[in-house]
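Novice: I have a structure I would like to understand better, so I am pasting it below and will then ask my questions one at a time.
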Amino acid sequence: MKNYWLMKSEPDAFSIEDLERLNGKSEPWDGIRNYQARNFMRDEFKIGDQILFYHSNCSPPGVVGLAEVASDPYPDETAFDPKSKYFDPKSKRDSPRWILVDVRFVAKFPRTVTLAEMRETESLGEMRILQKGNRLSITPVSERDYEKIVELGNSSTS
DNA sequence: GCCAACGTTGGC
DNA sequence: GCCAACGTTGGC
């Protein structure tokens, strides 16, 4: 059984275009420093899981395309690097605190499914991203909501 | 830039 | 274990 996820990224830091430019090469999803998000990757991510790629902290925020999980979980190297902004002295090589997976580009939507549009879409009402105060950067998505967003992202009518 | 909502830290 | 202070996220 495939799982579905929504993963946020600030396009200034890493965008769907950055991922697309890798030409099918996978990229470590580094910098996750939240235990809940880490636990999803560590305990539930499987190779082939599908990802809604969400641009946050930009205008307009929304789902811009699709990616997929391309590796099993493994330690986040940036936590060991004192020069990285993600450095965490409490993460030791013999007991890594932060782990990640690689992701691979799947598709960029012809158009962005904006957060505002998602809020207006009745059937998406249960999505975690729409709940008040949600800040979690990785959230599970139901297959139904995933399919709906793919449909919206590929539709020409708004 | 503002600020609400959260998560983390650390003194006690 | 409590909780105030602080830092971060992220929409607006």
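A note on labels: chains of the structure tokens are A, B, ... as shown, every chain counts residues from 1, and ligands are counted from 1 in their shown order.
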Set the distance at 12 Å and use only C-alpha atoms (C1' of nucleotides): which residues neighbour A:Asp43 once local chain neighbours fewer than 5 positions away are removed? I'd like the list as an MDAnalysis selection string.
Specialist: chainID A and resid 3 35:38 72:74 99:101
Novice: I need the chain C residues near chain A as a PDB file with all heavy atoms, in the first residue's frame; criterion: at most 9 Å, counting only C-alpha atoms (C1' of nucleotides).
Specialist:
```pdb
ATOM      1  P    DT C   9      11.574  27.589  11.268  1.00  0.00           P
ATOM      2  OP1  DT C   9      12.155  26.309  10.851  1.00  0.00           O
ATOM      3  OP2  DT C   9      12.063  28.876  10.721  1.00  0.00           O
ATOM      4  O5'  DT C   9      10.011  27.547  11.013  1.00  0.00           O
ATOM      5  C5'  DT C   9       9.222  26.577  11.686  1.00  0.00           C
ATOM      6  C4'  DT C   9       7.775  26.869  11.379  1.00  0.00           C
ATOM      7  O4'  DT C   9       7.366  28.050  12.091  1.00  0.00           O
ATOM      8  C3'  DT C   9       7.493  27.141   9.899  1.00  0.00           C
ATOM      9  O3'  DT C   9       6.429  26.284   9.531  1.00  0.00           O
ATOM     10  C2'  DT C   9       7.132  28.632   9.839  1.00  0.00           C
ATOM     11  C1'  DT C   9       6.611  28.881  11.240  1.00  0.00           C
ATOM     12  N1   DT C   9       6.744  30.234  11.833  1.00  0.00           N
ATOM     13  C2   DT C   9       5.665  30.757  12.500  1.00  0.00           C
ATOM     14  O2   DT C   9       4.593  30.181  12.590  1.00  0.00           O
ATOM     15  N3   DT C   9       5.879  31.986  13.067  1.00  0.00           N
ATOM     16  C4   DT C   9       7.046  32.726  13.038  1.00  0.00           C
ATOM     17  O4   DT C   9       7.105  33.797  13.596  1.00  0.00           O
ATOM     18  C5   DT C   9       8.139  32.112  12.327  1.00  0.00           C
ATOM     19  C7   DT C   9       9.430  32.846  12.244  1.00  0.00           C
ATOM     20  C6   DT C   9       7.941  30.917  11.762  1.00  0.00           C
ATOM     21  P    DG C  10       6.086  25.966   8.047  1.00  0.00           P
ATOM     22  OP1  DG C  10       5.291  24.729   8.025  1.00  0.00           O
ATOM     23  OP2  DG C  10       7.321  26.109   7.264  1.00  0.00           O
ATOM     24  O5'  DG C  10       5.131  27.158   7.660  1.00  0.00           O
ATOM     25  C5'  DG C  10       3.864  27.246   8.271  1.00  0.00           C
ATOM     26  C4'  DG C  10       3.276  28.566   7.910  1.00  0.00           C
ATOM     27  O4'  DG C  10       3.873  29.619   8.703  1.00  0.00           O
ATOM     28  C3'  DG C  10       3.481  28.985   6.440  1.00  0.00           C
ATOM     29  O3'  DG C  10       2.251  29.443   5.970  1.00  0.00           O
ATOM     30  C2'  DG C  10       4.479  30.122   6.532  1.00  0.00           C
ATOM     31  C1'  DG C  10       4.056  30.723   7.855  1.00  0.00           C
ATOM     32  N9   DG C  10       4.976  31.661   8.458  1.00  0.00           N
ATOM     33  C8   DG C  10       6.324  31.791   8.252  1.00  0.00           C
ATOM     34  N7   DG C  10       6.867  32.762   8.934  1.00  0.00           N
ATOM     35  C5   DG C  10       5.798  33.305   9.642  1.00  0.00           C
ATOM     36  C6   DG C  10       5.753  34.393  10.557  1.00  0.00           C
ATOM     37  O6   DG C  10       6.678  35.108  10.929  1.00  0.00           O
ATOM     38  N1   DG C  10       4.467  34.610  11.046  1.00  0.00           N
ATOM     39  C2   DG C  10       3.358  33.873  10.694  1.00  0.00           C
ATOM     40  N2   DG C  10       2.201  34.214  11.257  1.00  0.00           N
ATOM     41  N3   DG C  10       3.391  32.859   9.839  1.00  0.00           N
ATOM     42  C4   DG C  10       4.630  32.638   9.357  1.00  0.00           C
ATOM     43  P    DG C  11       1.843  29.369   4.444  1.00  0.00           P
ATOM     44  OP1  DG C  11       1.618  27.963   4.095  1.00  0.00           O
ATOM     45  OP2  DG C  11       2.750  30.188   3.631  1.00  0.00           O
ATOM     46  O5'  DG C  11       0.436  30.076   4.563  1.00  0.00           O
ATOM     47  C5'  DG C  11      -0.429  29.735   5.640  1.00  0.00           C
ATOM     48  C4'  DG C  11      -1.152  30.975   6.125  1.00  0.00           C
ATOM     49  O4'  DG C  11      -0.246  31.824   6.876  1.00  0.00           O
ATOM     50  C3'  DG C  11      -1.717  31.849   5.009  1.00  0.00           C
ATOM     51  O3'  DG C  11      -2.994  32.303   5.417  1.00  0.00           O
ATOM     52  C2'  DG C  11      -0.704  32.975   4.896  1.00  0.00           C
ATOM     53  C1'  DG C  11      -0.250  33.138   6.339  1.00  0.00           C
ATOM     54  N9   DG C  11       1.097  33.663   6.491  1.00  0.00           N
ATOM     55  C8   DG C  11       2.233  33.208   5.875  1.00  0.00           C
ATOM     56  N7   DG C  11       3.317  33.871   6.213  1.00  0.00           N
ATOM     57  C5   DG C  11       2.851  34.808   7.119  1.00  0.00           C
ATOM     58  C6   DG C  11       3.568  35.811   7.833  1.00  0.00           C
ATOM     59  O6   DG C  11       4.774  36.075   7.802  1.00  0.00           O
ATOM     60  N1   DG C  11       2.719  36.570   8.653  1.00  0.00           N
ATOM     61  C2   DG C  11       1.374  36.371   8.764  1.00  0.00           C
ATOM     62  N2   DG C  11       0.720  37.177   9.593  1.00  0.00           N
ATOM     63  N3   DG C  11       0.689  35.430   8.106  1.00  0.00           N
ATOM     64  C4   DG C  11       1.489  34.701   7.300  1.00  0.00           C
TER      65       DG C  11
END
```
Novice: What is the atom CA of A:Lys148-atom CA of A:Arg104 distance in Å, reported with one decimal?
Specialist: 21.3 Å
Novice: Would you give me, as a VMD selection string, the residues in chain A that DSSP reads as strand (DSSP E)?
Specialist: chain A and resid 4 to 9 27 to 28 50 to 55 62 to 69 74 to 75 99 to 100 102 to 114 138 to 141
Novice: Please extract the residues of chain A with a backbone DSSP assignment of helix (DSSP H, G or I) and present them as a VMD selection string.
Specialist: chain A and resid 16 to 20 35 to 44 77 to 80 115 to 120 122 to 124 128 to 130 143 to 154
Novice: If you keep C-alpha atoms, can you produce a file of those selected residues as an mmCIF file, in the first residue's frame?
Specialist:
```cif
data_model
loop_
_atom_site.group_PDB
_atom_site.id
_atom_site.type_symbol
_atom_site.label_atom_id
_atom_site.label_comp_id
_atom_site.auth_asym_id
_atom_site.auth_seq_id
_atom_site.Cartn_x
_atom_site.Cartn_y
_atom_site.Cartn_z
ATOM 1 C CA ILE A 16 9.869 22.252 -7.229
ATOM 2 C CA GLU A 17 11.923 23.802 -10.022
ATOM 3 C CA ASP A 18 15.108 22.979 -8.127
ATOM 4 C CA LEU A 19 13.932 19.379 -7.853
ATOM 5 C CA GLU A 20 12.933 19.228 -11.525
ATOM 6 C CA TYR A 35 10.043 15.149 15.902
ATOM 7 C CA GLN A 36 6.602 14.495 14.484
ATOM 8 C CA ALA A 37 7.774 15.136 10.951
ATOM 9 C CA ARG A 38 10.881 13.034 11.540
ATOM 10 C CA ASN A 39 8.793 10.173 12.888
ATOM 11 C CA PHE A 40 6.682 10.125 9.757
ATOM 12 C CA MET A 41 9.804 9.754 7.639
ATOM 13 C CA ARG A 42 11.436 7.262 9.955
ATOM 14 C CA ASP A 43 8.444 5.044 10.673
ATOM 15 C CA GLU A 44 6.008 5.389 7.818
ATOM 16 C CA GLU A 77 24.228 14.573 7.474
ATOM 17 C CA THR A 78 23.578 18.280 7.913
ATOM 18 C CA ALA A 79 23.003 17.682 11.625
ATOM 19 C CA PHE A 80 26.669 16.665 11.979
ATOM 20 C CA LEU A 115 -4.012 27.304 -0.201
ATOM 21 C CA ALA A 116 -6.949 29.655 -0.722
ATOM 22 C CA GLU A 117 -8.382 27.347 -3.359
ATOM 23 C CA MET A 118 -7.919 24.334 -1.121
ATOM 24 C CA ARG A 119 -9.844 26.130 1.606
ATOM 25 C CA GLU A 120 -12.647 26.764 -0.853
ATOM 26 C CA GLU A 122 -15.354 21.476 0.368
ATOM 27 C CA SER A 123 -14.103 17.905 0.001
ATOM 28 C CA LEU A 124 -10.592 18.853 1.171
ATOM 29 C CA ARG A 128 -4.184 18.729 8.092
ATOM 30 C CA ILE A 129 -2.731 21.666 6.218
ATOM 31 C CA LEU A 130 -6.083 23.418 6.444
ATOM 32 C CA GLU A 143 -5.648 9.022 -1.235
ATOM 33 C CA ARG A 144 -8.903 10.812 -1.942
ATOM 34 C CA ASP A 145 -7.498 14.252 -1.084
ATOM 35 C CA TYR A 146 -4.333 13.468 -3.028
ATOM 36 C CA GLU A 147 -6.347 12.585 -6.132
ATOM 37 C CA LYS A 148 -8.471 15.701 -5.769
ATOM 38 C CA ILE A 149 -5.448 17.979 -5.648
ATOM 39 C CA VAL A 150 -3.863 16.252 -8.642
ATOM 40 C CA GLU A 151 -7.128 16.838 -10.490
ATOM 41 C CA LEU A 152 -7.176 20.510 -9.538
ATOM 42 C CA GLY A 153 -3.514 20.972 -10.446
ATOM 43 C CA ASN A 154 -4.070 19.507 -13.892
#
```
Novice: Leaving out A:Trp98 and any residue of its chain fewer than 4 positions from it, which residues lie within 8 Å of it when counting only C-alpha atoms (C1' of nucleotides), given as a ChimeraX atom specification?
Specialist: /A:32-33,38,75-76,79,91
